[in-house]
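These notes are about the structure you will find just below.
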Amino acid sequence: MEFPNSSTNNHPLVTVIIPTYGREEPLRDSIADVLNQNYPNFEVLVVDQSPTHQADIQSYLEELAAKDKIKWFRLNWASLPGARNYGVRRSAGEIIIFIDDDVKLTPDYISNHVKNYLQNPEIGAVAGRVFDRMKLGESKGEFEIEYLPPEAMNPGIAWYHIDLVHTIKPQQVLSARGCNMSFRREIFTKYGLRFDERFRGSAVREESDFCLRFRKTGYKIWYDPEACLVHLGEETGGCHDISMRSLKYQFTFYHNHFLMAMKNLTASQALRLYARLFDCHVLGRPPCHKSGSPIKVLTRGIFYILGFFNALGSLIRSLWDDGQIYSRLDQESITKSSESLVISH
């Protein structure tokens, strides 16, 4: 497959999209690592949903934007899937890479994503390896995995078997991690896929939902351990800053899991996921290892039930409302700007 927007066939234009919310130094350092890439043909889009920045970070972003080092978009709403869609609409690359705003990259990061598309036309997405900062000590030796088990390709239980931290061999996978994934442009243009903006809060499972719908294109999601980064996992900030201990996080956590299942899984697959979700996250059994106190189990059980019915409501509403709130706001803004431009002329 050829890439029309290439300087050469070996260097298709790449867009790196960085959604950000409430991050300062980690955002600056992440951008610096992207700008230090040895790949010769890429653009950087920062989709910024932070209300304000520290003075030095604000100056840094303004300077990079003024020098056309980055394209910097300021938004007055916060949604991770909404930010991804916003960036895609403004991207020019034939390959689109998504990273978080708190990562560390080696200079060959982009090159390691691109090589997979050049080597195999059946690959439509690349899932990169993620070294979580808190798990770096587990990433070598006895913790290494060569190939994921067959269960990792079963949508009903895969989420408890996909390990993109310790796996060391390239292979086909069911899903990528949102902080390190890339796609061919035609996934968005030819097939019209969009990230579902109904995935709320921290947007857990939004990339899983997207990858399950991606499979219908016939393309493969290929895991390449060389396309790696370190995810810092900062405790504050992110595209939607919600504490994992908050009631809002718990509510959206279950809503998002059930919504993903209702949209994409067969009845038997969904039942397996519901059972595993209850066993692990409500009862607290391994690998979750949560408190088994009756009060906490009861509280988690209530959120589990509320999340199910709320996701069911989201699915029913999709009969007349697809939930793409932020994309509609963006499209309306673009339309108004176009109309104003026509009137002024």
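By order in the structure tokens, chains are A, B, ...; within a chain, residues start at 1; ligands start at 1, following the order shown.
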Non-local contacts of A:Leu148 (10 Å; only C-alpha atoms; under 4 positions in same chain excluded) as a count of residues only
14
List the neighbours of stretch 78-81 of chain A out to 6 Å using only C-alpha atoms; skip same-chain residues closer than 2 positions along the sequence, and give me the result as JSON, numbers by chain.
{"A": [49, 83, 84, 195, 197, 239]}
A:Leu75, A:Cys288, A:Leu283, A:Ile187 ranked by distance to A:Asp330, top pick (using only C-alpha atoms):
A:Leu75
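For the set A:Met181, A:Val103, A:Cys211, A:Ile110, the residue with the smallest atom-to-atom gap to A:Glu25 is A:Val103, counting only C-alpha atoms.
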For the structure I just gave you, how does DSSP split stretch 152-278 of chain A - specifically, which residues are alpha helix (DSSP H)? Reply as a VMD selection string.
chain A and resid 186 to 189 206 to 214 247 to 264 267 to 277
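Residues of stretch 60-122 of chain A that DSSP places in strand (DSSP E), based on the backbone of this structure, are Lys71, Trp72, Phe73, Arg74, Ile95, Ile96, Ile97, Phe98, Ile99, Val103 and Lys104 of chain A.
Comparing A:Ala275, A:Pro155, A:Asp100, A:Ser246 by their smallest distance to A:Ser30, the closest is A:Asp100 (using only C-alpha atoms).
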What separation in Å, quoted to one decimal, exists between atom CA of A:Pro19 and atom CA of A:Arg200?
15.0 Å
Write out as number ranges by chain the residues lying within 12 Å of A:Leu306, counting only C-alpha atoms and excluding same-chain residues fewer than 2 positions away.
A: 247-248, 250-256, 258, 299-304, 308-313
Take the residues that were just selected and, keeping C-alpha atoms, output them as a CSV table (one decimal), in the first residue's frame.
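File out_23.csv, as written:
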chain,number,residue,atom,x,y,z
A,247,LEU,CA,-17.7,7.8,43.5
A,248,LYS,CA,-17.7,9.4,40.0
A,250,GLN,CA,-16.5,4.0,40.2
A,251,PHE,CA,-19.8,4.9,38.5
A,252,THR,CA,-18.2,5.6,35.1
A,253,PHE,CA,-15.9,2.6,35.4
A,254,TYR,CA,-18.8,0.1,35.4
A,255,HIS,CA,-20.9,2.2,32.9
A,256,ASN,CA,-18.0,2.1,30.4
A,258,PHE,CA,-21.1,-2.5,30.3
A,299,THR,CA,-20.9,-0.5,47.7
A,300,ARG,CA,-19.1,-1.8,44.7
A,301,GLY,CA,-22.1,-4.0,44.0
A,302,ILE,CA,-24.4,-1.0,44.0
A,303,PHE,CA,-22.2,0.8,41.5
A,304,TYR,CA,-22.0,-2.4,39.4
A,308,PHE,CA,-25.3,-1.7,34.1
A,309,PHE,CA,-28.6,0.2,33.9
A,310,ASN,CA,-26.9,3.5,33.0
A,311,ALA,CA,-25.1,1.8,30.1
A,312,LEU,CA,-28.4,0.2,29.0
A,313,GLY,CA,-29.9,3.7,29.0
Do a neighbour search on A:Gly87 at 10 Å with only C-alpha atoms, toss out local chain neighbours closer than 4 positions, and write the hits as an NGL selection string.
:A and (15-19 or 44-47 or 71 or 73 or 81-83 or 91-92 or 96 or 98)
Contacts of stretch 223-233 of chain A at 9 Å or less, counting only C-alpha atoms, minus same-chain residues fewer than 5 places along, as number ranges by chain?
A: 26, 100, 102-106, 108-113, 116, 125-134, 136, 164-165, 167-173, 175-176, 179-180, 238
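When atom CA of A:Phe183 is paired with atom CA of A:Lys115, their separation reads 12.6 Å.
The gap separating atom CA of A:Glu207 from atom CA of A:Arg74 is 22.9 Å, in Å to one decimal.
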